[in-house]
file entry-v8.txt (compact mmCIF, C-alpha atoms)
# COMPACT_ATOMS: atom_id res chain seq x y z
CA MET A 195 -24.84 20.61 -31.17
CA PRO A 196 -22.62 20.09 -34.19
CA VAL A 197 -18.94 19.42 -33.64
CA PRO A 198 -16.71 22.20 -34.98
CA ILE A 199 -14.34 20.95 -37.66
CA LEU A 200 -11.48 23.31 -38.51
CA LYS A 201 -9.30 23.12 -41.57
CA GLN A 202 -5.60 23.65 -40.94
CA GLY A 203 -3.65 23.21 -44.17
CA ALA A 204 -3.92 19.59 -45.16
CA LEU A 205 -5.33 18.67 -41.77
CA LEU A 206 -8.80 18.69 -40.30
CA ILE A 207 -9.09 19.35 -36.58
CA ALA A 208 -12.26 18.39 -34.77
CA THR A 209 -12.69 19.41 -31.15
CA LEU A 210 -15.24 17.15 -29.55
CA GLN A 211 -17.53 18.74 -26.99
CA ASP A 212 -18.98 17.33 -23.86
CA ALA A 213 -22.38 15.65 -23.83
CA LEU A 214 -22.74 14.70 -27.46
CA THR A 215 -25.86 12.72 -28.17
CA ASP A 216 -25.70 9.54 -30.21
CA LYS A 217 -27.20 11.45 -33.11
CA ASP A 218 -24.53 14.14 -32.83
CA TRP A 219 -21.90 11.43 -33.16
CA LEU A 220 -23.53 10.02 -36.29
CA ASP A 221 -23.87 13.46 -37.87
CA PHE A 222 -20.26 14.17 -37.03
CA GLN A 223 -19.12 10.92 -38.65
CA PHE A 224 -20.64 11.83 -41.99
CA GLU A 225 -19.72 15.50 -41.85
CA LEU A 226 -16.09 14.70 -41.13
CA THR A 227 -15.66 12.03 -43.78
CA LYS A 228 -17.38 14.29 -46.26
CA LEU A 229 -14.98 17.16 -45.46
CA VAL A 230 -11.97 14.86 -45.89
CA GLY A 231 -13.03 14.52 -49.51
CA VAL A 232 -13.99 18.17 -49.96
CA HIS A 233 -10.66 19.54 -48.68
CA ARG A 234 -8.57 16.59 -49.88
CA SER A 235 -7.19 16.34 -46.35
CA THR A 236 -4.37 13.96 -45.54
CA GLY A 237 -5.06 13.75 -41.81
CA VAL A 238 -7.72 14.21 -39.19
CA ILE A 239 -7.07 15.06 -35.56
CA LEU A 240 -9.82 14.25 -33.10
CA ASP A 241 -9.25 16.34 -29.99
CA LEU A 242 -10.90 14.99 -26.83
CA THR A 243 -9.30 17.43 -24.36
CA VAL A 244 -12.57 18.72 -22.95
CA LEU A 245 -14.21 15.32 -22.56
CA ASP A 246 -14.18 14.01 -19.00
CA VAL A 247 -16.03 10.84 -19.86
CA LEU A 248 -16.04 8.56 -22.88
CA ASP A 249 -18.66 5.83 -22.99
CA SER A 250 -18.73 2.72 -25.14
CA PHE A 251 -20.84 4.31 -27.85
CA ALA A 252 -18.44 7.25 -28.12
CA THR A 253 -15.50 4.85 -28.28
CA LYS A 254 -17.17 2.80 -30.96
CA SER A 255 -17.94 5.96 -32.92
CA LEU A 256 -14.33 7.10 -32.66
CA ARG A 257 -13.20 3.75 -34.01
CA THR A 258 -15.71 3.93 -36.85
CA ILE A 259 -14.65 7.48 -37.68
CA ALA A 260 -10.98 6.52 -37.70
CA GLU A 261 -11.66 3.60 -40.02
CA MET A 262 -13.90 5.63 -42.31
CA VAL A 263 -11.25 8.34 -42.52
CA LYS A 264 -8.64 5.73 -43.36
CA LEU A 265 -10.83 4.37 -46.14
CA ARG A 266 -11.08 7.89 -47.50
CA GLY A 267 -7.29 7.93 -47.73
CA ALA A 268 -6.39 10.06 -44.68
CA ARG A 269 -4.84 9.39 -41.28
CA ALA A 270 -6.75 9.79 -38.05
CA ILE A 271 -5.16 10.57 -34.68
CA VAL A 272 -7.02 10.81 -31.39
CA VAL A 273 -5.48 13.30 -28.96
CA GLY A 274 -6.11 14.88 -25.57
CA ILE A 275 -7.40 11.93 -23.56
CA HIS A 276 -7.13 12.86 -19.89
CA PRO A 277 -5.22 10.40 -17.62
CA ASP A 278 -8.34 9.55 -15.58
CA VAL A 279 -10.40 9.07 -18.72
CA ALA A 280 -7.68 6.88 -20.20
CA PHE A 281 -7.57 4.61 -17.20
CA THR A 282 -11.33 4.37 -16.92
CA MET A 283 -11.57 3.48 -20.60
CA VAL A 284 -8.99 0.74 -20.19
CA GLN A 285 -10.81 -0.69 -17.21
CA LEU A 286 -13.96 -0.83 -19.28
CA GLY A 287 -12.01 -2.57 -22.03
CA LEU A 288 -12.29 0.38 -24.42
CA THR A 289 -8.73 0.49 -25.68
CA LEU A 290 -9.00 1.98 -29.20
CA HIS A 291 -6.66 -0.63 -30.62
CA GLY A 292 -5.34 0.14 -34.07
CA ILE A 293 -6.03 3.85 -33.71
CA GLU A 294 -3.19 6.32 -33.42
CA THR A 295 -3.13 8.45 -30.31
CA GLY A 296 -1.28 11.57 -29.23
CA LEU A 297 -0.90 13.59 -26.06
CA ASP A 298 -2.50 16.80 -27.25
CA LEU A 299 -3.17 18.84 -30.37
CA GLU A 300 0.47 19.90 -30.70
CA ASP A 301 1.62 16.31 -30.41
CA GLY A 302 -1.01 15.24 -32.94
CA ILE A 303 0.16 17.81 -35.47
CA SER A 304 3.80 16.80 -35.06
CA LEU A 305 2.85 13.13 -35.40
CA MET A 306 1.15 13.92 -38.69
CA LYS A 307 4.51 15.10 -40.03
CA HIS A 308 6.17 11.75 -39.41
CA PRO A 309 5.03 8.38 -40.54
CA THR A 310 5.36 6.20 -37.44
CA GLU A 311 5.75 2.50 -37.92
CA PHE A 312 6.09 1.96 -34.17
CA ARG A 313 2.72 2.87 -32.91
CA SER A 314 0.20 0.54 -34.43
CA HIS A 315 -0.08 -2.38 -32.03
CA MET B 190 -24.16 -6.59 33.93
CA VAL B 191 -22.93 -3.01 34.10
CA PHE B 192 -19.32 -2.35 33.51
CA LYS B 193 -17.39 0.28 35.29
CA ASP B 194 -16.16 1.90 32.14
CA THR B 195 -19.11 1.42 29.81
CA MET B 196 -19.21 5.18 29.41
CA HIS B 197 -16.09 4.93 27.26
CA ILE B 198 -17.84 3.08 24.48
CA GLY B 199 -17.90 5.35 21.50
CA ASN B 200 -14.98 7.42 22.71
CA LEU B 201 -12.82 7.44 19.64
CA GLU B 202 -9.89 9.42 20.92
CA GLN B 203 -6.89 7.14 20.77
CA PHE B 204 -4.41 6.61 23.55
CA GLU B 205 -1.32 8.60 22.78
CA GLY B 206 0.98 6.94 20.26
CA THR B 207 -1.34 4.00 19.64
CA ASP B 208 -4.26 2.93 17.50
CA VAL B 209 -6.29 1.96 20.56
CA THR B 210 -9.33 3.90 21.75
CA PRO B 211 -10.98 3.62 25.18
CA GLY B 212 -14.09 2.33 23.42
CA GLU B 213 -12.03 -0.47 21.93
CA ILE B 214 -10.66 -1.35 25.35
CA SER B 215 -14.18 -1.56 26.79
CA LYS B 216 -15.17 -3.88 23.98
CA ARG B 217 -12.11 -5.98 24.59
CA LYS B 218 -12.77 -6.28 28.32
CA ASP B 219 -16.35 -7.16 27.54
CA PHE B 220 -15.32 -9.94 25.22
CA LEU B 221 -12.76 -11.21 27.72
CA GLN B 222 -15.65 -11.27 30.21
CA PHE B 223 -13.55 -9.19 32.53
CA ARG B 224 -16.14 -7.97 35.02
CA ASP B 225 -16.48 -6.29 38.39
CA ALA B 226 -16.41 -9.68 40.09
CA ASP B 227 -13.00 -10.29 38.56
CA ILE B 228 -11.74 -7.01 39.93
CA GLU B 229 -12.94 -8.01 43.38
CA ARG B 230 -11.24 -11.39 43.16
CA LEU B 231 -8.01 -9.77 42.10
CA LEU B 232 -8.26 -7.37 45.03
CA GLU B 233 -8.75 -10.32 47.36
CA ILE B 234 -5.42 -11.83 46.40
CA ARG B 235 -3.62 -8.52 46.69
CA GLN B 236 -2.06 -9.36 50.00
CA PHE B 237 -0.94 -12.79 48.82
CA SER B 238 0.54 -11.22 45.72
CA GLN B 239 2.46 -8.59 47.63
CA GLU B 240 3.96 -11.25 49.85
CA HIS B 241 5.26 -13.27 46.92
CA VAL B 242 6.08 -10.63 44.40
CA GLU B 243 9.80 -10.54 45.06
CA SER B 244 10.39 -14.26 44.79
CA ILE B 245 8.25 -14.43 41.64
CA VAL B 246 10.17 -11.62 40.00
CA GLU B 247 13.47 -13.25 41.05
CA GLU B 248 12.43 -16.50 39.42
CA PHE B 249 11.31 -14.63 36.33
CA TYR B 250 14.68 -12.95 35.86
CA HIS B 251 16.51 -16.14 36.64
CA HIS B 252 14.64 -17.62 33.68
CA LEU B 253 15.43 -14.66 31.43
CA LEU B 254 19.09 -14.66 32.38
CA SER B 255 19.50 -18.33 31.56
CA PHE B 256 18.91 -17.72 27.86
CA PRO B 257 21.60 -15.92 25.85
CA ASP B 258 19.07 -14.01 23.71
CA THR B 259 17.26 -12.48 26.65
CA LYS B 260 20.34 -12.22 28.82
CA GLU B 261 21.66 -9.77 26.25
CA PHE B 262 19.06 -7.21 27.35
CA PHE B 263 20.38 -7.09 30.92
CA ARG B 264 24.12 -6.81 30.47
CA ASP B 265 24.14 -3.65 32.54
CA PRO B 266 23.40 -4.49 36.22
CA ARG B 267 21.78 -1.08 36.66
CA VAL B 268 19.33 -1.90 33.89
CA LEU B 269 18.59 -5.19 35.58
CA ALA B 270 17.92 -3.50 38.92
CA ARG B 271 15.67 -0.95 37.23
CA VAL B 272 13.59 -3.45 35.29
CA LYS B 273 13.26 -5.66 38.34
CA LYS B 274 11.79 -2.77 40.22
CA ALA B 275 9.47 -1.97 37.31
CA GLN B 276 8.43 -5.59 37.21
CA ILE B 277 7.54 -5.53 40.89
CA ASP B 278 5.48 -2.39 40.34
CA TYR B 279 3.73 -4.02 37.43
CA PHE B 280 3.03 -7.12 39.42
CA ASN B 281 1.51 -5.10 42.21
CA GLN B 282 -0.64 -3.27 39.70
CA LEU B 283 -2.18 -6.53 38.58
CA THR B 284 -4.00 -6.80 41.87
CA ALA B 285 -4.49 -3.09 42.55
CA GLY B 286 -8.08 -3.10 41.36
CA ASN B 287 -7.71 -0.18 38.96
CA TYR B 288 -7.72 -1.27 35.33
CA SER B 289 -8.99 1.85 33.61
CA ASP B 290 -7.30 4.29 31.25
CA ASP B 291 -4.12 4.83 33.27
CA TYR B 292 -3.53 1.12 33.50
CA VAL B 293 -4.09 0.71 29.77
CA ARG B 294 -1.75 3.62 29.05
CA GLY B 295 0.92 1.99 31.16
CA ARG B 296 0.56 -1.33 29.37
CA LEU B 297 0.71 0.29 25.97
CA LYS B 298 3.80 2.17 26.99
CA ILE B 299 5.51 -1.04 28.10
CA GLY B 300 4.64 -2.57 24.75
CA ARG B 301 6.37 0.33 23.00
CA VAL B 302 9.42 -0.03 25.23
CA HIS B 303 9.68 -3.73 24.35
CA GLN B 304 9.43 -2.78 20.74
CA ASN B 305 12.14 -0.16 21.05
CA ILE B 306 14.63 -2.45 22.71
CA GLY B 307 13.92 -5.07 20.06
CA LEU B 308 12.25 -7.66 22.24
CA SER B 309 10.40 -10.04 19.95
CA PHE B 310 6.79 -10.93 20.54
CA ASP B 311 7.48 -14.63 21.01
CA THR B 312 10.03 -13.80 23.71
CA TYR B 313 7.43 -11.63 25.37
CA LEU B 314 4.90 -14.47 25.32
CA GLY B 315 7.44 -17.01 26.52
CA ALA B 316 8.50 -14.78 29.39
CA TYR B 317 4.91 -14.16 30.33
CA ARG B 318 4.24 -17.87 30.53
CA ARG B 319 7.13 -18.28 32.94
CA TYR B 320 5.68 -15.51 35.03
CA LEU B 321 2.27 -17.13 35.23
CA GLU B 322 3.73 -20.46 36.23
CA SER B 323 5.56 -18.96 39.23
CA PHE B 324 2.47 -17.06 40.19
CA PHE B 325 0.00 -19.90 39.95
CA LEU B 326 2.14 -22.48 41.68
CA ARG B 327 2.34 -20.15 44.66
CA LEU B 328 -1.34 -19.29 44.46
CA PHE B 329 -2.45 -22.91 44.53
CA ASP B 330 -0.06 -23.61 47.32
CA ALA B 331 -1.41 -20.72 49.42
CA TYR B 332 -5.07 -21.61 48.80
CA ARG B 333 -4.71 -25.37 49.15
CA SER B 334 -7.67 -25.49 51.48
CA GLU B 335 -9.85 -23.45 49.10
CA PRO B 336 -9.11 -24.79 45.61
CA GLU B 337 -12.24 -23.19 44.18
CA LYS B 338 -11.11 -19.77 45.24
CA ALA B 339 -7.70 -20.39 43.76
CA VAL B 340 -9.20 -21.44 40.45
CA ASN B 341 -11.47 -18.40 40.32
CA SER B 342 -8.66 -15.99 41.12
CA PHE B 343 -6.57 -17.77 38.55
CA LEU B 344 -9.27 -17.28 35.91
CA SER B 345 -9.74 -13.62 36.78
CA MET B 346 -6.02 -13.08 36.59
CA LEU B 347 -5.94 -14.85 33.25
CA LYS B 348 -8.49 -12.40 31.81
CA LEU B 349 -6.37 -9.48 32.89
CA VAL B 350 -3.23 -11.12 31.54
CA PHE B 351 -4.89 -11.66 28.17
CA LEU B 352 -5.89 -8.02 28.13
CA ASP B 353 -2.29 -7.06 28.82
CA ILE B 354 -1.03 -9.32 26.07
CA SER B 355 -3.53 -7.85 23.62
CA LEU B 356 -2.30 -4.37 24.54
CA ALA B 357 1.31 -5.36 24.05
CA MET B 358 0.33 -6.84 20.73
CA ASP B 359 -1.23 -3.52 19.73
CA SER B 360 2.13 -1.87 20.02
CA TYR B 361 3.71 -4.51 17.81
CA LEU B 362 0.92 -4.38 15.26
CA ARG B 363 1.06 -0.62 15.14
CA THR B 364 4.75 -0.72 14.34
CA ILE B 365 4.12 -3.21 11.58
CA ARG B 366 1.36 -1.01 10.19
CA LEU B 367 3.58 2.08 10.30
CA GLN B 368 6.38 0.21 8.56
CA THR B 369 4.03 -1.05 5.89
CA GLU B 370 2.81 2.48 5.30
CA ALA B 371 6.34 3.79 5.17
CA ILE B 372 7.26 1.25 2.53
CA ARG B 373 4.13 2.04 0.57
CA GLU B 374 4.94 5.72 0.70
CA LEU B 375 8.33 5.11 -0.83
CA ALA B 376 7.13 6.82 -3.93
CA THR B 377 7.54 4.86 -7.09
CA PRO B 378 9.70 7.32 -8.97
CA VAL B 379 8.97 8.36 -12.51
CA LEU B 380 12.03 10.16 -13.83
CA GLN B 381 12.77 11.97 -17.03
CA VAL B 382 16.04 10.87 -18.63
CA ARG B 383 15.65 12.68 -21.93
CA GLN B 384 13.13 14.97 -23.50
CA GLY B 385 10.04 12.80 -23.90
CA LEU B 386 11.55 9.75 -22.22
CA LEU B 387 10.63 8.66 -18.71
CA ILE B 388 11.90 5.74 -16.68
CA SER B 389 10.23 4.16 -13.71
CA PRO B 390 12.35 1.62 -11.88
CA ILE B 391 10.19 -0.42 -9.51
CA ILE B 392 11.77 -2.09 -6.49
CA GLY B 393 9.95 -4.47 -4.20
CA LEU B 394 6.58 -6.15 -4.17
CA ILE B 395 3.72 -4.56 -6.06
CA ASP B 396 0.32 -5.01 -4.51
CA THR B 397 -2.89 -3.73 -6.00
CA GLN B 398 -2.68 -0.44 -4.17
CA ARG B 399 0.88 0.22 -5.24
CA ALA B 400 0.03 -0.76 -8.80
CA ARG B 401 -2.76 1.80 -8.79
CA GLN B 402 -0.41 4.44 -7.42
CA LEU B 403 2.13 3.58 -10.09
CA THR B 404 -0.46 3.92 -12.83
CA GLU B 405 -1.52 7.28 -11.53
CA SER B 406 1.96 8.70 -11.30
CA ILE B 407 2.93 7.37 -14.72
CA LEU B 408 -0.13 8.78 -16.46
CA ARG B 409 0.26 12.08 -14.65
CA SER B 410 3.94 12.31 -15.57
CA ILE B 411 3.20 11.55 -19.21
CA ARG B 412 0.92 14.55 -19.28
CA GLU B 413 3.10 16.88 -17.26
CA GLN B 414 6.41 16.06 -18.93
CA ARG B 415 4.90 15.48 -22.36
CA ALA B 416 6.48 12.06 -22.56
CA LYS B 417 6.37 9.85 -25.62
CA VAL B 418 7.96 6.78 -24.07
CA VAL B 419 7.98 5.35 -20.57
CA VAL B 420 10.34 2.54 -19.65
CA ILE B 421 9.06 0.58 -16.65
CA ASP B 422 11.79 -1.59 -15.20
CA ILE B 423 10.70 -4.43 -12.94
CA THR B 424 14.11 -6.03 -12.34
CA GLY B 425 13.67 -5.36 -8.63
CA VAL B 426 10.24 -6.93 -8.42
CA PRO B 427 10.39 -10.45 -6.96
CA LEU B 428 7.04 -11.60 -8.25
CA VAL B 429 3.97 -10.50 -10.14
CA ASP B 430 0.54 -12.03 -9.82
CA SER B 431 -2.15 -11.95 -12.47
CA LYS B 432 -3.90 -8.99 -10.87
CA VAL B 433 -0.78 -6.86 -10.90
CA ALA B 434 0.10 -8.05 -14.39
CA ASN B 435 -3.31 -7.00 -15.62
CA HIS B 436 -2.84 -3.67 -13.94
CA LEU B 437 0.45 -3.22 -15.79
CA VAL B 438 -1.29 -4.07 -19.05
CA GLN B 439 -3.98 -1.50 -18.26
CA THR B 440 -1.33 1.11 -17.54
CA VAL B 441 0.28 0.38 -20.88
CA GLU B 442 -3.06 0.70 -22.68
CA ALA B 443 -3.99 3.88 -20.85
CA ALA B 444 -0.60 5.39 -21.68
CA ARG B 445 -1.17 4.51 -25.30
CA LEU B 446 -4.50 6.33 -25.24
CA MET B 447 -2.49 9.36 -24.21
CA GLY B 448 -0.13 8.89 -27.11
CA ALA B 449 2.76 7.40 -25.16
CA MET B 450 4.43 4.04 -25.54
CA VAL B 451 5.39 1.91 -22.57
CA ILE B 452 8.35 -0.44 -22.66
CA LEU B 453 8.48 -3.05 -19.94
CA THR B 454 11.95 -4.27 -19.03
CA GLY B 455 13.61 -6.61 -16.59
CA ILE B 456 11.06 -9.41 -16.52
CA SER B 457 12.81 -12.20 -14.59
CA PRO B 458 12.55 -15.82 -15.74
CA GLU B 459 10.30 -16.54 -12.75
CA ILE B 460 7.92 -13.71 -13.58
CA ALA B 461 7.97 -14.64 -17.26
CA GLN B 462 7.02 -18.18 -16.33
CA THR B 463 4.28 -17.03 -13.99
CA LEU B 464 2.80 -14.71 -16.60
CA VAL B 465 2.80 -17.40 -19.27
CA VAL B 466 1.37 -20.06 -16.95
CA LEU B 467 -1.33 -17.67 -15.74
CA GLY B 468 -2.16 -16.85 -19.33
CA VAL B 469 -1.79 -13.10 -18.88
CA ASN B 470 -2.06 -11.50 -22.29
CA LEU B 471 0.93 -9.23 -22.68
CA SER B 472 0.73 -9.07 -26.46
CA THR B 473 -0.04 -5.35 -26.34
CA VAL B 474 3.00 -4.65 -24.17
CA ARG B 475 6.39 -4.00 -25.67
CA THR B 476 8.99 -5.87 -23.60
CA VAL B 477 12.76 -5.66 -23.70
CA GLY B 478 15.20 -7.77 -21.72
CA ASP B 479 16.87 -5.21 -19.52
CA LEU B 480 16.78 -1.51 -18.71
CA GLN B 481 19.67 -0.76 -21.06
CA GLY B 482 17.90 -2.46 -23.94
CA GLY B 483 14.70 -0.62 -23.07
CA LEU B 484 16.43 2.74 -23.08
CA GLU B 485 18.13 1.98 -26.39
CA GLU B 486 14.82 0.98 -27.91
CA ALA B 487 13.16 4.11 -26.58
CA GLU B 488 15.94 6.34 -27.89
CA ARG B 489 15.72 4.72 -31.29
CA TYR B 490 12.00 5.35 -31.32
CA LEU B 491 12.45 8.98 -30.31
CA GLY B 492 15.14 9.48 -32.92
CA TYR B 493 18.07 9.86 -30.56
CA ARG B 494 21.41 8.44 -31.62
CA LEU B 495 24.15 7.92 -29.08
CA VAL B 496 27.65 8.53 -30.44
CA LYS B 497 30.79 7.66 -28.54
CA ASP B 498 33.38 10.40 -28.69
CA ASP B 499 36.74 8.64 -28.97
CA LYS B 500 38.64 11.88 -28.50
CA ALA B 501 37.04 12.65 -25.17
CA THR B 502 39.51 12.76 -22.30
CA PRO B 503 38.80 10.16 -19.68
CA PHE B 504 37.46 11.49 -16.44
CA GLN B 505 40.17 11.92 -13.84
CA SER B 506 39.57 12.42 -10.20
call {"tool": "encode", "arguments": {"input": "entry-v8.txt", "output": "structure tokens"}}
result
Amino acid sequence: MPVPILKQGALLIATLQDALTDKDWLDFQFELTKLVGVHRSTGVILDLTVLDVLDSFATKSLRTIAEMVKLRGARAIVVGIHPDVAFTMVQLGLTLHGIETGLDLEDGISLMKHPTEFRSH
Amino acid sequence: MVFKDTMHIGNLEQFEGTDVTPGEISKRKDFLQFRDADIERLLEIRQFSQEHVESIVEEFYHHLLSFPDTKEFFRDPRVLARVKKAQIDYFNQLTAGNYSDDYVRGRLKIGRVHQNIGLSFDTYLGAYRRYLESFFLRLFDAYRSEPEKAVNSFLSMLKLVFLDISLAMDSYLRTIRLQTEAIRELATPVLQVRQGLLISPIIGLIDTQRARQLTESILRSIREQRAKVVVIDITGVPLVDSKVANHLVQTVEAARLMGAMVILTGISPEIAQTLVVLGVNLSTVRTVGDLQGGLEEAERYLGYRLVKDDKATPFQS
């Protein structure tokens, strides 16, 4: 099932669904980076609110997407990670270092308005 | 060998106000090898015991009254008279032949009383030893012609005494357990000081369980209060081991995944040394010397600026 990618002004918002296959992730990667160019977007928000599990492949894909988006000249922010998911990820050593994160979509959008020198570890 | 109260094994209903179940008592008696033969031997010395009980109890209190710490408990002569009487009753119970639930209940209750008046366990043990000495000296004296019988009665009595001590210990252990739980339940507070800024001052030792609890409440608060920064202050934490340190690091990372930054403040020189020596990697954690510094850093990050109003009238009471 393809991931819906919505255009909101200069931003792209992708709401990731549960149970994406590895192929879905790969398709999503290319679709998203393509759309960044098509819409000349300055930022991408990856919303994980509905995900209640995030495995290592998904984490790796997120990282790849974030880096690809950066190379295409836009910012990527991951939002909506549930507390339980966050802690499980950390325990598995999946920490998304170098990727910006936000609490939820609203937070992500407001982060996009401010350049933040603080957050990259 | 069939035990009189084998039927209690598996009965999980605890004696009131204790952690002890009748099944546990049966197991304990079994392990102490306290058997029907012991009960019979104890019954056999009942008469002897009743004859000597008063002098034994007198000696016992003479011992207690000669130490300032224990003397303190019996300042009131009425109290002394009452406990002496209770002691005589107890002593008679030792050879009464009935060591089932009511007996156990009585022992557990005494343990709680000791606890309530603040009698320490070592005093209890020391007093008990004095008791046994008086008892056995008289026993061996009375059964001089039958030393074997004296030894056997002695051994049976010893089993019962050990059971009693274990029951008294249950009361002490239960109190310790309850206290530990109470301390653990002292919720680790996560408080909002400004929009988007939480502080969590931690006092006391952090064990793995508390660390987990802390993580949970911090992550939950970040979500509920939409926090961007959490300042965790560990000034009141005496020491941190590598496990807890790693847990803190994980909390920081998990908070970051939720878009919040954690500032750790109040790391004492001892803890700093421990962390460095243990090689805990805290490079992903933002640390500031004290809580004030942490709050200032957080406010800067959130875009708050604190301005002192020189014209403000000082507060007058």
call {"tool": "atom_distance", "arguments": {"input": "entry-v8.txt", "atom1": "CA of Ile392 (chain B)", "atom2": "CA of Gly455 (chain B)"}}
result
11.2 Å
call {"tool": "atom_distance", "arguments": {"input": "entry-v8.txt", "atom1": "CA of Asp479 (chain B)", "atom2": "CA of Thr424 (chain B)"}}
result
7.7 Å
call {"tool": "interface_residues", "arguments": {"input": "entry-v8.txt", "of": "chain A", "to": "chain B", "cutoff": "7 Å", "atoms": "all atoms listed in the file", "output": "mmCIF file with C-alpha atoms, in the coordinates of the input"}}
result
data_model
loop_
_atom_site.group_PDB
_atom_site.id
_atom_site.type_symbol
_atom_site.label_atom_id
_atom_site.label_comp_id
_atom_site.auth_asym_id
_atom_site.auth_seq_id
_atom_site.Cartn_x
_atom_site.Cartn_y
_atom_site.Cartn_z
ATOM 1 C CA VAL A 273 -5.480 13.300 -28.960
ATOM 2 C CA GLY A 274 -6.110 14.880 -25.570
ATOM 3 C CA ILE A 275 -7.400 11.930 -23.560
ATOM 4 C CA PRO A 277 -5.220 10.400 -17.620
ATOM 5 C CA ALA A 280 -7.680 6.880 -20.200
ATOM 6 C CA PHE A 281 -7.570 4.610 -17.200
ATOM 7 C CA VAL A 284 -8.990 0.740 -20.190
ATOM 8 C CA GLN A 285 -10.810 -0.690 -17.210
ATOM 9 C CA THR A 289 -8.730 0.490 -25.680
ATOM 10 C CA THR A 295 -3.130 8.450 -30.310
ATOM 11 C CA GLY A 296 -1.280 11.570 -29.230
ATOM 12 C CA LEU A 297 -0.900 13.590 -26.060
ATOM 13 C CA HIS A 315 -0.080 -2.380 -32.030
#
call {"tool": "atom_distance", "arguments": {"input": "entry-v8.txt", "atom1": "CA of Arg230 (chain B)", "atom2": "CA of Lys338 (chain B)"}}
result
8.6 Å
call {"tool": "residues_around", "arguments": {"input": "entry-v8.txt", "residues": "Asp246 (chain A)", "least_positions_apart": "3", "cutoff": "10 Å", "atoms": "only C-alpha atoms", "output": "list of chain:residue names"}}
result
A:Gln211, A:Asp212, A:Ala213, A:Leu242, A:Thr243, A:Ile275, A:His276, A:Pro277, A:Asp278, A:Val279, A:Ala280
call {"tool": "residues_around", "arguments": {"input": "entry-v8.txt", "residues": "region 458-467 of chain B", "least_positions_apart": "6", "cutoff": "8 Å", "atoms": "only C-alpha atoms", "output": "PyMOL selection string"}}
result
chain B and resi 427-431+434
call {"tool": "residues_around", "arguments": {"input": "entry-v8.txt", "residues": "Lys228 (chain A)", "least_positions_apart": "6", "cutoff": "10 Å", "atoms": "all atoms listed in the file", "output": "VMD selection string"}}
result
chain A and resid 222 234 263 266
call {"tool": "write_last_selection", "arguments": {"input": "entry-v8.txt", "atoms": "C-alpha atoms", "output": "PDB file, in the frame of the given file"}}
result
ATOM      1  CA  PHE A 222     -20.260  14.170 -37.030  1.00  0.00           C
ATOM      2  CA  ARG A 234      -8.570  16.590 -49.880  1.00  0.00           C
ATOM      3  CA  VAL A 263     -11.250   8.340 -42.520  1.00  0.00           C
ATOM      4  CA  ARG A 266     -11.080   7.890 -47.500  1.00  0.00           C
TER       5      ARG A 266
END
call {"tool": "closest_residue", "arguments": {"input": "entry-v8.txt", "among": "B:Val420, B:Tyr288, B:Gln398, B:Asp265", "to": "Gln481 (chain B)", "atoms": "all atoms listed in the file"}}
result
B:Val420
call {"tool": "residues_around", "arguments": {"input": "entry-v8.txt", "residues": "Arg257 (chain A)", "least_positions_apart": "2", "cutoff": "9 Å", "atoms": "only C-alpha atoms", "output": "PyMOL selection string"}}
result
chain A and resi 252-255+259-262+290-293
call {"tool": "residues_near_point", "arguments": {"input": "entry-v8.txt", "point": "(-7.9, -17.1, 33.2)", "cutoff": "12 Å", "atoms": "all atoms listed in the file", "output": "list in words"}}
result
Leu221, Gln222, Phe223, Asp227, Arg230, Leu231, Leu321, Phe325, Ala339, Val340, Asn341, Ser342, Phe343, Leu344, Ser345, Met346, Leu347, Lys348, Leu349, Val350, Phe351 and Leu352 of chain B
call {"tool": "closest_residue", "arguments": {"input": "entry-v8.txt", "among": "B:Ile391, B:Ile228, B:Leu403, B:Leu253", "to": "Ala316 (chain B)", "atoms": "all atoms listed in the file"}}
result
B:Leu253
